[in-house]
$ cat coords14.tsv   # TSV, N, CA and C atoms
chain	number	residue	atom	x	y	z
A	1	MET	N	0.54	5.98	26.35
A	1	MET	CA	1.24	4.73	26.18
A	1	MET	C	0.21	3.61	25.94
A	2	SER	N	0.40	2.88	24.86
A	2	SER	CA	-0.56	1.83	24.53
A	2	SER	C	-0.28	0.57	25.35
A	3	PRO	N	-1.34	-0.20	25.62
A	3	PRO	CA	-1.14	-1.43	26.40
A	3	PRO	C	-0.29	-2.42	25.59
A	4	LYS	N	0.46	-3.22	26.32
A	4	LYS	CA	1.30	-4.22	25.69
A	4	LYS	C	0.44	-5.30	25.07
A	5	ARG	N	0.75	-5.65	23.80
A	5	ARG	CA	-0.02	-6.70	23.11
A	5	ARG	C	0.38	-8.06	23.63
A	6	LYS	N	-0.61	-8.91	23.74
A	6	LYS	CA	-0.37	-10.30	24.09
A	6	LYS	C	0.25	-10.99	22.89
A	7	PRO	N	1.28	-11.78	23.06
A	7	PRO	CA	1.84	-12.48	21.90
A	7	PRO	C	0.86	-13.52	21.37
A	8	LEU	N	0.94	-13.77	20.07
A	8	LEU	CA	0.10	-14.80	19.48
A	8	LEU	C	0.51	-16.15	20.03
A	9	PRO	N	-0.45	-17.05	20.25
A	9	PRO	CA	-0.07	-18.38	20.71
A	9	PRO	C	0.73	-19.09	19.62
A	10	ARG	N	1.77	-19.77	20.02
A	10	ARG	CA	2.59	-20.50	19.07
A	10	ARG	C	1.89	-21.77	18.65
A	11	LYS	N	1.74	-21.95	17.34
A	11	LYS	CA	1.12	-23.16	16.82
A	11	LYS	C	2.16	-24.08	16.22
A	12	THR	N	3.37	-23.56	16.02
A	12	THR	CA	4.40	-24.39	15.42
A	12	THR	C	5.03	-25.24	16.50
A	13	SER	N	5.22	-26.49	16.18
A	13	SER	CA	5.78	-27.37	17.20
A	13	SER	C	7.02	-28.10	16.72
A	14	SER	N	7.07	-28.44	15.46
A	14	SER	CA	8.22	-29.20	14.98
A	14	SER	C	9.37	-28.26	14.62
A	15	PRO	N	10.59	-28.76	14.65
A	15	PRO	CA	11.73	-27.94	14.22
A	15	PRO	C	11.57	-27.44	12.78
A	16	ALA	N	10.99	-28.25	11.91
A	16	ALA	CA	10.80	-27.84	10.51
A	16	ALA	C	9.83	-26.66	10.43
A	17	GLU	N	8.78	-26.66	11.24
A	17	GLU	CA	7.82	-25.56	11.23
A	17	GLU	C	8.45	-24.29	11.80
A	18	ARG	N	9.25	-24.41	12.84
A	18	ARG	CA	9.93	-23.24	13.39
A	18	ARG	C	10.93	-22.67	12.38
A	19	GLN	N	11.63	-23.54	11.69
A	19	GLN	CA	12.58	-23.10	10.66
A	19	GLN	C	11.82	-22.40	9.52
A	20	TRP	N	10.68	-22.94	9.11
A	20	TRP	CA	9.85	-22.32	8.08
A	20	TRP	C	9.46	-20.90	8.51
A	21	ALA	N	8.99	-20.75	9.74
A	21	ALA	CA	8.56	-19.45	10.24
A	21	ALA	C	9.73	-18.46	10.26
A	22	ARG	N	10.90	-18.92	10.70
A	22	ARG	CA	12.08	-18.04	10.69
A	22	ARG	C	12.43	-17.59	9.29
A	23	LEU	N	12.36	-18.51	8.33
A	23	LEU	CA	12.66	-18.18	6.94
A	23	LEU	C	11.68	-17.15	6.40
A	24	ILE	N	10.40	-17.34	6.65
A	24	ILE	CA	9.38	-16.41	6.16
A	24	ILE	C	9.58	-15.02	6.77
A	25	CYS	N	9.94	-14.96	8.04
A	25	CYS	CA	10.07	-13.69	8.75
A	25	CYS	C	11.44	-13.03	8.63
A	26	LEU	N	12.34	-13.66	7.94
A	26	LEU	CA	13.73	-13.19	7.83
A	26	LEU	C	13.83	-11.75	7.33
A	27	CYS	N	12.96	-11.36	6.43
A	27	CYS	CA	13.03	-10.01	5.86
A	27	CYS	C	12.73	-8.92	6.89
A	28	GLY	N	11.90	-9.23	7.89
A	28	GLY	CA	11.57	-8.25	8.92
A	28	GLY	C	10.64	-7.14	8.45
A	29	THR	N	10.00	-7.35	7.30
A	29	THR	CA	9.11	-6.34	6.74
A	29	THR	C	7.78	-6.99	6.38
A	30	CYS	N	6.69	-6.31	6.69
A	30	CYS	CA	5.36	-6.82	6.35
A	30	CYS	C	5.20	-6.85	4.83
A	31	GLY	N	4.81	-7.99	4.32
A	31	GLY	CA	4.63	-8.15	2.88
A	31	GLY	C	3.45	-7.38	2.33
A	32	LYS	N	2.56	-6.94	3.18
A	32	LYS	CA	1.38	-6.21	2.70
A	32	LYS	C	1.54	-4.71	2.83
A	33	CYS	N	1.87	-4.22	4.02
A	33	CYS	CA	1.91	-2.76	4.22
A	33	CYS	C	3.33	-2.19	4.25
A	34	GLY	N	4.33	-3.06	4.37
A	34	GLY	CA	5.72	-2.59	4.36
A	34	GLY	C	6.28	-2.17	5.71
A	35	THR	N	5.50	-2.31	6.77
A	35	THR	CA	5.98	-1.96	8.11
A	35	THR	C	7.19	-2.82	8.45
A	36	LYS	N	8.22	-2.19	9.02
A	36	LYS	CA	9.41	-2.93	9.43
A	36	LYS	C	9.32	-3.22	10.92
A	37	GLY	N	9.90	-4.34	11.32
A	37	GLY	CA	9.88	-4.71	12.73
A	37	GLY	C	9.42	-6.14	12.90
A	38	ARG	N	8.73	-6.39	14.00
A	38	ARG	CA	8.27	-7.75	14.29
A	38	ARG	C	7.18	-8.16	13.30
A	39	VAL	N	7.40	-9.29	12.67
A	39	VAL	CA	6.43	-9.83	11.72
A	39	VAL	C	6.09	-11.27	12.10
A	40	HIS	N	4.95	-11.74	11.59
A	40	HIS	CA	4.47	-13.09	11.83
A	40	HIS	C	4.45	-13.83	10.51
A	41	ALA	N	4.68	-15.12	10.54
A	41	ALA	CA	4.60	-15.95	9.33
A	41	ALA	C	3.15	-16.39	9.15
A	42	HIS	N	2.59	-16.10	7.98
A	42	HIS	CA	1.21	-16.45	7.67
A	42	HIS	C	1.20	-17.51	6.57
A	43	HIS	N	0.44	-18.58	6.78
A	43	HIS	CA	0.28	-19.62	5.76
A	43	HIS	C	-0.75	-19.16	4.72
A	44	ILE	N	-0.40	-19.25	3.44
A	44	ILE	CA	-1.35	-18.93	2.37
A	44	ILE	C	-2.32	-20.09	2.22
A	45	ILE	N	-1.79	-21.30	2.07
A	45	ILE	CA	-2.62	-22.51	2.11
A	45	ILE	C	-2.75	-22.87	3.59
A	46	PRO	N	-3.95	-23.04	4.10
A	46	PRO	CA	-4.13	-23.32	5.53
A	46	PRO	C	-3.29	-24.50	6.03
A	47	ARG	N	-2.94	-24.44	7.29
A	47	ARG	CA	-2.08	-25.45	7.92
A	47	ARG	C	-2.67	-26.86	7.84
A	48	ARG	N	-3.98	-26.97	7.73
A	48	ARG	CA	-4.58	-28.31	7.70
A	48	ARG	C	-4.16	-29.11	6.47
A	49	PHE	N	-3.67	-28.43	5.44
A	49	PHE	CA	-3.12	-29.12	4.27
A	49	PHE	C	-1.63	-29.34	4.56
A	50	GLY	N	-1.37	-30.35	5.35
A	50	GLY	CA	-0.06	-30.60	5.94
A	50	GLY	C	1.13	-30.62	5.00
A	51	ARG	N	0.94	-31.09	3.78
A	51	ARG	CA	2.10	-31.20	2.90
A	51	ARG	C	2.65	-29.83	2.49
A	52	PHE	N	1.91	-28.76	2.73
A	52	PHE	CA	2.38	-27.41	2.39
A	52	PHE	C	2.79	-26.60	3.62
A	53	ARG	N	2.72	-27.25	4.78
A	53	ARG	CA	2.99	-26.55	6.03
A	53	ARG	C	4.35	-25.87	6.08
A	54	THR	N	5.36	-26.49	5.49
A	54	THR	CA	6.71	-25.93	5.56
A	54	THR	C	7.25	-25.57	4.17
A	55	ASP	N	6.37	-25.44	3.19
A	55	ASP	CA	6.76	-25.03	1.84
A	55	ASP	C	7.03	-23.53	1.87
A	56	ALA	N	8.21	-23.11	1.44
A	56	ALA	CA	8.59	-21.69	1.49
A	56	ALA	C	7.67	-20.81	0.65
A	57	ARG	N	7.07	-21.36	-0.39
A	57	ARG	CA	6.15	-20.57	-1.22
A	57	ARG	C	4.84	-20.31	-0.50
A	58	ASN	N	4.56	-21.07	0.52
A	58	ASN	CA	3.29	-21.00	1.22
A	58	ASN	C	3.33	-20.08	2.43
A	59	GLY	N	4.10	-19.03	2.36
A	59	GLY	CA	4.15	-18.13	3.49
A	59	GLY	C	4.40	-16.70	3.09
A	60	ILE	N	3.93	-15.82	3.92
A	60	ILE	CA	4.18	-14.40	3.73
A	60	ILE	C	4.34	-13.78	5.12
A	61	ALA	N	5.29	-12.88	5.26
A	61	ALA	CA	5.51	-12.19	6.53
A	61	ALA	C	4.52	-11.04	6.63
A	62	LEU	N	3.82	-10.98	7.76
A	62	LEU	CA	2.84	-9.92	7.99
A	62	LEU	C	3.02	-9.31	9.37
A	63	CYS	N	2.80	-7.99	9.48
A	63	CYS	CA	2.81	-7.35	10.80
A	63	CYS	C	1.56	-7.79	11.55
A	64	PHE	N	1.49	-7.47	12.81
A	64	PHE	CA	0.34	-7.86	13.64
A	64	PHE	C	-0.98	-7.37	13.03
A	65	THR	N	-1.02	-6.12	12.61
A	65	THR	CA	-2.25	-5.54	12.08
A	65	THR	C	-2.71	-6.25	10.82
A	66	CYS	N	-1.78	-6.51	9.89
A	66	CYS	CA	-2.15	-7.18	8.63
A	66	CYS	C	-2.41	-8.67	8.82
A	67	HIS	N	-1.86	-9.26	9.87
A	67	HIS	CA	-2.05	-10.70	10.10
A	67	HIS	C	-3.36	-10.98	10.83
A	68	VAL	N	-3.52	-10.44	12.04
A	68	VAL	CA	-4.71	-10.75	12.84
A	68	VAL	C	-5.35	-9.55	13.52
A	69	GLY	N	-4.68	-8.41	13.58
A	69	GLY	CA	-5.13	-7.31	14.41
A	69	GLY	C	-6.09	-6.32	13.80
A	70	GLY	N	-6.10	-6.19	12.49
A	70	GLY	CA	-6.93	-5.17	11.87
A	70	GLY	C	-8.18	-5.76	11.23
A	71	PRO	N	-9.15	-4.89	10.94
A	71	PRO	CA	-10.38	-5.37	10.32
A	71	PRO	C	-10.15	-5.94	8.92
A	72	GLU	N	-9.12	-5.50	8.23
A	72	GLU	CA	-8.79	-5.99	6.89
A	72	GLU	C	-7.64	-7.01	6.92
A	73	SER	N	-7.40	-7.58	8.09
A	73	SER	CA	-6.28	-8.52	8.24
A	73	SER	C	-6.55	-9.84	7.53
A	74	ALA	N	-5.49	-10.61	7.36
A	74	ALA	CA	-5.59	-11.91	6.68
A	74	ALA	C	-6.59	-12.83	7.36
A	75	HIS	N	-6.67	-12.79	8.68
A	75	HIS	CA	-7.58	-13.68	9.40
A	75	HIS	C	-8.99	-13.10	9.55
A	76	ASN	N	-9.12	-11.79	9.55
A	76	ASN	CA	-10.44	-11.18	9.71
A	76	ASN	C	-11.16	-10.93	8.39
A	77	ALA	N	-10.43	-10.84	7.30
A	77	ALA	CA	-11.03	-10.63	5.97
A	77	ALA	C	-10.31	-11.54	4.97
A	78	PRO	N	-10.45	-12.86	5.12
A	78	PRO	CA	-9.67	-13.78	4.29
A	78	PRO	C	-9.94	-13.68	2.79
A	79	LEU	N	-11.17	-13.40	2.38
A	79	LEU	CA	-11.46	-13.30	0.95
A	79	LEU	C	-10.79	-12.07	0.33
A	80	ALA	N	-10.85	-10.95	1.02
A	80	ALA	CA	-10.18	-9.74	0.53
A	80	ALA	C	-8.66	-9.95	0.52
A	81	PHE	N	-8.15	-10.64	1.52
A	81	PHE	CA	-6.71	-10.89	1.58
A	81	PHE	C	-6.29	-11.80	0.42
A	82	ARG	N	-7.10	-12.84	0.14
A	82	ARG	CA	-6.77	-13.73	-0.97
A	82	ARG	C	-6.78	-12.97	-2.30
A	83	LYS	N	-7.73	-12.08	-2.45
A	83	LYS	CA	-7.79	-11.25	-3.67
A	83	LYS	C	-6.53	-10.40	-3.78
A	84	TRP	N	-6.09	-9.82	-2.67
A	84	TRP	CA	-4.86	-9.03	-2.66
A	84	TRP	C	-3.67	-9.91	-3.04
A	85	LEU	N	-3.62	-11.14	-2.50
A	85	LEU	CA	-2.52	-12.05	-2.84
A	85	LEU	C	-2.49	-12.34	-4.34
A	86	TRP	N	-3.65	-12.60	-4.94
A	86	TRP	CA	-3.70	-12.86	-6.39
A	86	TRP	C	-3.22	-11.66	-7.19
A	87	ASN	N	-3.54	-10.46	-6.75
A	87	ASN	CA	-3.10	-9.25	-7.45
A	87	ASN	C	-1.61	-8.98	-7.24
A	88	THR	N	-1.09	-9.37	-6.09
A	88	THR	CA	0.30	-9.07	-5.74
A	88	THR	C	1.26	-10.18	-6.14
A	89	LEU	N	0.86	-11.44	-5.96
A	89	LEU	CA	1.72	-12.59	-6.23
A	89	LEU	C	1.03	-13.58	-7.17
A	90	PRO	N	0.67	-13.16	-8.37
A	90	PRO	CA	-0.11	-14.05	-9.24
A	90	PRO	C	0.59	-15.36	-9.59
A	91	GLY	N	1.89	-15.33	-9.81
A	91	GLY	CA	2.62	-16.56	-10.16
A	91	GLY	C	2.63	-17.56	-9.02
A	92	THR	N	2.93	-17.09	-7.83
A	92	THR	CA	2.95	-17.97	-6.66
A	92	THR	C	1.57	-18.52	-6.37
A	93	MET	N	0.56	-17.68	-6.46
A	93	MET	CA	-0.81	-18.13	-6.20
A	93	MET	C	-1.25	-19.18	-7.23
A	94	ALA	N	-0.89	-18.97	-8.49
A	94	ALA	CA	-1.25	-19.94	-9.53
A	94	ALA	C	-0.56	-21.28	-9.28
A	95	GLU	N	0.72	-21.25	-8.88
A	95	GLU	CA	1.45	-22.48	-8.56
A	95	GLU	C	0.80	-23.21	-7.39
A	96	LEU	N	0.53	-22.49	-6.31
A	96	LEU	CA	-0.06	-23.11	-5.12
A	96	LEU	C	-1.45	-23.68	-5.43
A	97	HIS	N	-2.24	-22.94	-6.19
A	97	HIS	CA	-3.56	-23.44	-6.56
A	97	HIS	C	-3.45	-24.71	-7.40
A	98	ALA	N	-2.52	-24.73	-8.34
A	98	ALA	CA	-2.35	-25.90	-9.21
A	98	ALA	C	-1.94	-27.13	-8.41
A	99	GLU	N	-1.12	-26.93	-7.38
A	99	GLU	CA	-0.63	-28.06	-6.58
A	99	GLU	C	-1.58	-28.45	-5.47
A	100	CYS	N	-2.49	-27.57	-5.09
A	100	CYS	CA	-3.42	-27.87	-3.99
A	100	CYS	C	-4.79	-27.26	-4.29
A	101	PRO	N	-5.48	-27.76	-5.33
A	101	PRO	CA	-6.78	-27.18	-5.67
A	101	PRO	C	-7.82	-27.31	-4.55
A	102	GLU	N	-7.64	-28.31	-3.69
A	102	GLU	CA	-8.59	-28.50	-2.59
A	102	GLU	C	-8.56	-27.36	-1.57
A	103	ALA	N	-7.51	-26.53	-1.60
A	103	ALA	CA	-7.44	-25.37	-0.70
A	103	ALA	C	-8.31	-24.22	-1.20
A	104	LYS	N	-8.83	-24.35	-2.42
A	104	LYS	CA	-9.74	-23.34	-3.00
A	104	LYS	C	-9.13	-21.95	-3.02
A	105	LEU	N	-7.91	-21.86	-3.53
A	105	LEU	CA	-7.24	-20.57	-3.67
A	105	LEU	C	-7.61	-19.87	-4.96
A	106	ARG	N	-8.33	-20.56	-5.83
A	106	ARG	CA	-8.63	-20.04	-7.16
A	106	ARG	C	-9.24	-18.64	-7.07
A	107	LYS	N	-8.77	-17.79	-7.96
A	107	LYS	CA	-9.31	-16.44	-8.05
A	107	LYS	C	-10.75	-16.56	-8.53
A	108	GLY	N	-11.65	-15.84	-7.90
A	108	GLY	CA	-13.04	-15.86	-8.32
A	108	GLY	C	-13.93	-16.75	-7.49
A	109	ILE	N	-13.37	-17.56	-6.59
A	109	ILE	CA	-14.21	-18.39	-5.71
A	109	ILE	C	-14.88	-17.48	-4.67
A	110	HIS	N	-16.09	-17.76	-4.33
A	110	HIS	CA	-16.88	-17.03	-3.33
A	110	HIS	C	-17.14	-15.59	-3.74
A	111	GLY	N	-17.23	-15.35	-5.05
A	111	GLY	CA	-17.65	-14.04	-5.52
A	111	GLY	C	-16.59	-12.96	-5.55
A	112	ASP	N	-15.29	-13.32	-5.37
A	112	ASP	CA	-14.30	-12.22	-5.50
A	112	ASP	C	-13.66	-12.22	-6.85
$ encode --input "coords14.tsv" --output "structure tokens"
Amino acid sequence: MSPKRKPLPRKTSSPAERQWARLICLCGTCGKCGTKGRVHAHHIIPRRFGRFRTDARNGIALCFTCHVGGPESAHNAPLAFRKWLWNTLPGTMAELHAECPEAKLRKGIHGD
């Protein structure tokens, strides 16, 4: 029997952010590996770019492993994850990059 995982600390505080997270997680399936069950809402453009915090295009549902738990997770390998996003969601990534170039989402930044 595996030890119970500690829940991720909640960073969302406003009703709009909680609604955004619910919308992103509605599918109940990890957008990267396809695992069904509990998923987390991951921001593509970092939360510090506030105007995109609750933009529905700026989120993807990820399981614990793909979000923060695995060595190739979005938070542990952000450049590899961004490359995967460009290969998987090129239209969305191009839109987000065009609207927020300061987030440096452009394909090819930092040698990828």
$ closest_residue --input "coords14.tsv" --among "A:Arg57, A:His75, A:His42, A:Arg22" --to "Leu89 in chain A" --atoms "only C-alpha atoms"
A:Arg57
$ atom_distance --input "coords14.tsv" --atom1 "atom C of Lys36 in chain A" --atom2 "CA of Cys63 in chain A"
7.7 Å
$ atom_distance --input "coords14.tsv" --atom1 "CA of Gly31 in chain A" --atom2 "CA of Asp55 in chain A"
17.0 Å
$ atom_distance --input "coords14.tsv" --atom1 "atom N of Lys32 in chain A" --atom2 "atom C of Ala61 in chain A"
5.7 Å
$ closest_residue --input "coords14.tsv" --among "A:Arg53, A:Arg48, A:His43, A:Arg38" --to "Glu17 in chain A" --atoms "all atoms listed in the file"
A:Arg53
$ select_by_dssp --input "coords14.tsv" --residues "range 33-93 of chain A" --states "alpha helix (DSSP H)" --output "PyMOL selection string"
chain A and resi 64+78-88+90-93
$ closest_residue --input "coords14.tsv" --among "A:Gly34, A:Ala98, A:Trp20, A:Cys27" --to "Phe64 in chain A" --atoms "only C-alpha atoms"
A:Gly34
$ axis_aligned_box --input "coords14.tsv" --around "range 98-101 of chain A" --padding-each-side "6 Å" --output "lines of an AutoDock Vina configuration file"
center_x = -4.2
center_y = -26.6
center_z = -6.6
size_x = 19.2
size_y = 15.7
size_z = 17.2
$ residues_around --input "coords14.tsv" --residues "Leu105 in chain A" --least-positions-apart "5" --cutoff "8 Å" --atoms "only N, CA and C atoms" --output "list in words"
Ile44, Ile45, Arg82, Met93, Ala94, Leu96, His97, Ala98 and Cys100 of chain A
$ decode --input "coords14.tsv" --residues "range 1-110 of chain A" --atoms "C-alpha atoms" --output "PDB file, in the first residue's frame"
ATOM      1  CA  MET A   1       0.000   0.000   0.000  1.00  0.00           C
ATOM      2  CA  SER A   2       1.497   3.320  -1.055  1.00  0.00           C
ATOM      3  CA  PRO A   3       1.607   6.264   1.347  1.00  0.00           C
ATOM      4  CA  LYS A   4      -1.123   8.834   0.957  1.00  0.00           C
ATOM      5  CA  ARG A   5      -0.015  11.843  -1.098  1.00  0.00           C
ATOM      6  CA  LYS A   6      -0.138  15.246   0.469  1.00  0.00           C
ATOM      7  CA  PRO A   7      -2.507  17.505  -1.462  1.00  0.00           C
ATOM      8  CA  LEU A   8      -0.960  20.376  -3.371  1.00  0.00           C
ATOM      9  CA  PRO A   9      -1.278  23.696  -1.568  1.00  0.00           C
ATOM     10  CA  ARG A  10      -4.109  25.750  -2.999  1.00  0.00           C
ATOM     11  CA  LYS A  11      -2.875  28.894  -4.699  1.00  0.00           C
ATOM     12  CA  THR A  12      -6.231  29.966  -6.068  1.00  0.00           C
ATOM     13  CA  SER A  13      -8.020  32.436  -3.908  1.00  0.00           C
ATOM     14  CA  SER A  14     -10.578  34.324  -5.940  1.00  0.00           C
ATOM     15  CA  PRO A  15     -13.878  32.823  -7.097  1.00  0.00           C
ATOM     16  CA  ALA A  16     -12.805  33.450 -10.710  1.00  0.00           C
ATOM     17  CA  GLU A  17      -9.605  31.427 -10.197  1.00  0.00           C
ATOM     18  CA  ARG A  18     -11.500  28.563  -8.571  1.00  0.00           C
ATOM     19  CA  GLN A  19     -14.006  28.580 -11.431  1.00  0.00           C
ATOM     20  CA  TRP A  20     -11.107  28.558 -13.942  1.00  0.00           C
ATOM     21  CA  ALA A  21      -9.563  25.527 -12.207  1.00  0.00           C
ATOM     22  CA  ARG A  22     -12.905  23.674 -12.190  1.00  0.00           C
ATOM     23  CA  LEU A  23     -13.356  24.382 -15.901  1.00  0.00           C
ATOM     24  CA  ILE A  24      -9.861  23.146 -16.763  1.00  0.00           C
ATOM     25  CA  CYS A  25     -10.310  19.970 -14.696  1.00  0.00           C
ATOM     26  CA  LEU A  26     -13.847  19.218 -15.891  1.00  0.00           C
ATOM     27  CA  CYS A  27     -12.693  16.514 -18.310  1.00  0.00           C
ATOM     28  CA  GLY A  28     -11.155  14.445 -15.495  1.00  0.00           C
ATOM     29  CA  THR A  29      -8.397  13.217 -17.811  1.00  0.00           C
ATOM     30  CA  CYS A  30      -4.721  14.174 -17.902  1.00  0.00           C
ATOM     31  CA  GLY A  31      -4.032  16.132 -21.058  1.00  0.00           C
ATOM     32  CA  LYS A  32      -0.561  14.634 -21.367  1.00  0.00           C
ATOM     33  CA  CYS A  33      -0.736  10.941 -20.458  1.00  0.00           C
ATOM     34  CA  GLY A  34      -4.495  10.321 -20.571  1.00  0.00           C
ATOM     35  CA  THR A  35      -4.827   9.050 -16.993  1.00  0.00           C
ATOM     36  CA  LYS A  36      -8.392   9.390 -15.726  1.00  0.00           C
ATOM     37  CA  GLY A  37      -9.193  10.531 -12.220  1.00  0.00           C
ATOM     38  CA  ARG A  38      -8.021  13.425 -10.094  1.00  0.00           C
ATOM     39  CA  VAL A  39      -6.348  16.099 -12.180  1.00  0.00           C
ATOM     40  CA  HIS A  40      -4.808  19.489 -11.433  1.00  0.00           C
ATOM     41  CA  ALA A  41      -5.180  22.701 -13.439  1.00  0.00           C
ATOM     42  CA  HIS A  42      -1.815  23.850 -14.803  1.00  0.00           C
ATOM     43  CA  HIS A  43      -1.198  27.372 -16.121  1.00  0.00           C
ATOM     44  CA  ILE A  44       0.623  27.452 -19.474  1.00  0.00           C
ATOM     45  CA  ILE A  45       1.471  31.143 -19.075  1.00  0.00           C
ATOM     46  CA  PRO A  46       2.737  31.537 -15.492  1.00  0.00           C
ATOM     47  CA  ARG A  47       0.355  32.988 -12.910  1.00  0.00           C
ATOM     48  CA  ARG A  48       2.507  36.107 -12.520  1.00  0.00           C
ATOM     49  CA  PHE A  49       1.082  37.310 -15.851  1.00  0.00           C
ATOM     50  CA  GLY A  50      -2.193  38.134 -14.144  1.00  0.00           C
ATOM     51  CA  ARG A  51      -4.292  38.992 -17.168  1.00  0.00           C
ATOM     52  CA  PHE A  52      -4.088  35.336 -18.293  1.00  0.00           C
ATOM     53  CA  ARG A  53      -4.728  33.810 -14.881  1.00  0.00           C
ATOM     54  CA  THR A  54      -8.326  32.872 -15.663  1.00  0.00           C
ATOM     55  CA  ASP A  55      -8.133  32.607 -19.476  1.00  0.00           C
ATOM     56  CA  ALA A  56      -9.528  29.189 -20.461  1.00  0.00           C
ATOM     57  CA  ARG A  57      -6.875  28.819 -23.175  1.00  0.00           C
ATOM     58  CA  ASN A  58      -4.176  29.150 -20.539  1.00  0.00           C
ATOM     59  CA  GLY A  59      -4.777  25.864 -18.814  1.00  0.00           C
ATOM     60  CA  ILE A  60      -4.364  22.163 -19.186  1.00  0.00           C
ATOM     61  CA  ALA A  61      -5.527  19.381 -16.867  1.00  0.00           C
ATOM     62  CA  LEU A  62      -2.655  17.215 -15.642  1.00  0.00           C
ATOM     63  CA  CYS A  63      -2.433  14.233 -13.287  1.00  0.00           C
ATOM     64  CA  PHE A  64      -0.149  14.536 -10.265  1.00  0.00           C
ATOM     65  CA  THR A  65       2.762  12.808 -12.030  1.00  0.00           C
ATOM     66  CA  CYS A  66       2.594  14.982 -15.167  1.00  0.00           C
ATOM     67  CA  HIS A  67       2.016  18.168 -13.149  1.00  0.00           C
ATOM     68  CA  VAL A  68       4.549  18.063 -10.289  1.00  0.00           C
ATOM     69  CA  GLY A  69       5.320  14.479  -9.277  1.00  0.00           C
ATOM     70  CA  GLY A  70       7.458  13.011 -12.022  1.00  0.00           C
ATOM     71  CA  PRO A  71      10.915  13.854 -13.317  1.00  0.00           C
ATOM     72  CA  GLU A  72       9.396  14.860 -16.694  1.00  0.00           C
ATOM     73  CA  SER A  73       6.548  16.826 -15.097  1.00  0.00           C
ATOM     74  CA  ALA A  74       5.513  20.327 -16.126  1.00  0.00           C
ATOM     75  CA  HIS A  75       7.175  21.836 -13.046  1.00  0.00           C
ATOM     76  CA  ASN A  76      10.298  19.645 -12.975  1.00  0.00           C
ATOM     77  CA  ALA A  77      11.092  19.809 -16.713  1.00  0.00           C
ATOM     78  CA  PRO A  78       9.428  23.018 -17.942  1.00  0.00           C
ATOM     79  CA  LEU A  79      11.388  23.312 -21.208  1.00  0.00           C
ATOM     80  CA  ALA A  80      10.560  19.748 -22.266  1.00  0.00           C
ATOM     81  CA  PHE A  81       6.939  20.314 -21.251  1.00  0.00           C
ATOM     82  CA  ARG A  82       6.755  23.524 -23.293  1.00  0.00           C
ATOM     83  CA  LYS A  83       8.173  21.667 -26.299  1.00  0.00           C
ATOM     84  CA  TRP A  84       5.490  18.995 -25.829  1.00  0.00           C
ATOM     85  CA  LEU A  85       2.815  21.719 -25.651  1.00  0.00           C
ATOM     86  CA  TRP A  86       4.023  23.239 -28.949  1.00  0.00           C
ATOM     87  CA  ASN A  87       3.897  19.813 -30.616  1.00  0.00           C
ATOM     88  CA  THR A  88       0.487  18.974 -29.160  1.00  0.00           C
ATOM     89  CA  LEU A  89      -1.326  22.343 -29.149  1.00  0.00           C
ATOM     90  CA  PRO A  90       0.426  24.482 -31.772  1.00  0.00           C
ATOM     91  CA  GLY A  91      -2.552  26.780 -32.432  1.00  0.00           C
ATOM     92  CA  THR A  92      -3.183  27.537 -28.769  1.00  0.00           C
ATOM     93  CA  MET A  93       0.512  28.047 -28.074  1.00  0.00           C
ATOM     94  CA  ALA A  94       0.859  30.428 -31.038  1.00  0.00           C
ATOM     95  CA  GLU A  95      -2.159  32.450 -29.824  1.00  0.00           C
ATOM     96  CA  LEU A  96      -0.869  32.655 -26.255  1.00  0.00           C
ATOM     97  CA  HIS A  97       2.620  33.615 -27.410  1.00  0.00           C
ATOM     98  CA  ALA A  98       1.221  36.336 -29.700  1.00  0.00           C
ATOM     99  CA  GLU A  99      -0.842  37.810 -26.857  1.00  0.00           C
ATOM    100  CA  CYS A 100       1.847  37.511 -24.177  1.00  0.00           C
ATOM    101  CA  PRO A 101       5.332  37.488 -25.748  1.00  0.00           C
ATOM    102  CA  GLU A 102       6.846  38.470 -22.395  1.00  0.00           C
ATOM    103  CA  ALA A 103       6.017  34.962 -21.106  1.00  0.00           C
ATOM    104  CA  LYS A 104       8.623  33.615 -23.571  1.00  0.00           C
ATOM    105  CA  LEU A 105       6.499  30.732 -24.817  1.00  0.00           C
ATOM    106  CA  ARG A 106       8.078  30.947 -28.262  1.00  0.00           C
ATOM    107  CA  LYS A 107       9.218  27.657 -29.688  1.00  0.00           C
ATOM    108  CA  GLY A 108      12.997  27.550 -29.836  1.00  0.00           C
ATOM    109  CA  ILE A 109      13.756  29.721 -26.783  1.00  0.00           C
ATOM    110  CA  HIS A 110      16.475  28.292 -24.505  1.00  0.00           C
TER     111      HIS A 110
END
